[in-house]
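Below is one structure, written out as structure tokens, with a few remarks after it.
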Amino acid sequence: MAAAFELAAGLDRPSDDLARRTGRAVAAWQEYVTELLSTDGVTKRSLSKVVSLDTESLSLLFMVGLFSADELPQKLLKGLLGAEALRSISAKALSDLRARIVMLFDEEAMRYVRALDAAGIPDEAAATRLYQATYNLEVAR
């Protein structure tokens, strides 16, 4: 019983470095969004004629608009970037964010996988092999 408690130690809460890793993932995603906006030439072509926004400001406006339920940021972004560029950049940004979130969850889930591996719990294939062996034994009798 004591071994089970040792294996489960720390699994009742997030890992100690999850907040740090999440912060890094968010910062990297923000840099990615800024890069998307600047490499597509959006700030140079479209915006220079209308307003003077630096890439970081546009990135912030884009991120707010991406997650906002309010239509105002969306309309503003559509006016600044154009509908097609907004859709394209939004799809890329959301896809990248999903991938980063999945990676965080996978890393966190590995703690539980390692604990199960350390406990020596057989995998699902072992149960299937045991069932097949039992069946083959019954057939052989």
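Chain labels follow the order of the structure tokens: the first chain is A, the next B, and so on; residue numbering restarts at 1 in every chain, and ligands are counted from 1 in their shown order.
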
TODO: Within 12 Å of Phe67 of chain A, counting only C-alpha atoms, which residues show up once you throw out same-chain ones fewer than 6 positions away? Write them as an NGL selection string, please.
DONE: :A and (60-61 or 73-74 or 90 or 93-94 or 97)

Open item on the list: Could you pull out the alpha helix (DSSP H) residues of chain A, going by DSSP on the backbone, and write them as a PyMOL selection string?
Closed with: chain A and resi 2-8+18-39+42-45+55-67+71-81+83-119+124-140

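Counting from atom CA of Asp16 of chain A, the distance to atom CA of Leu104 of chain A is 13.1 Å.
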
Task: Best match for closeness to Glu31 of chain A among A:Met63, A:Ala85, A:Ala91, A:Ala8, counting only C-alpha atoms - done: A:Met63

TODO: Counting only C-alpha atoms, figure out which residue out of A:Ile89, A:Ala69, A:Val113, A:Val102 gets nearest to Val33 of chain A.
DONE: A:Ile89

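Atom CA of Met103 of chain A lies 13.1 Å from atom CA of Ala28 of chain A.
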
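Atom CA of Lys92 of chain A is positioned 13.6 Å from atom CA of Ser59 of chain A.
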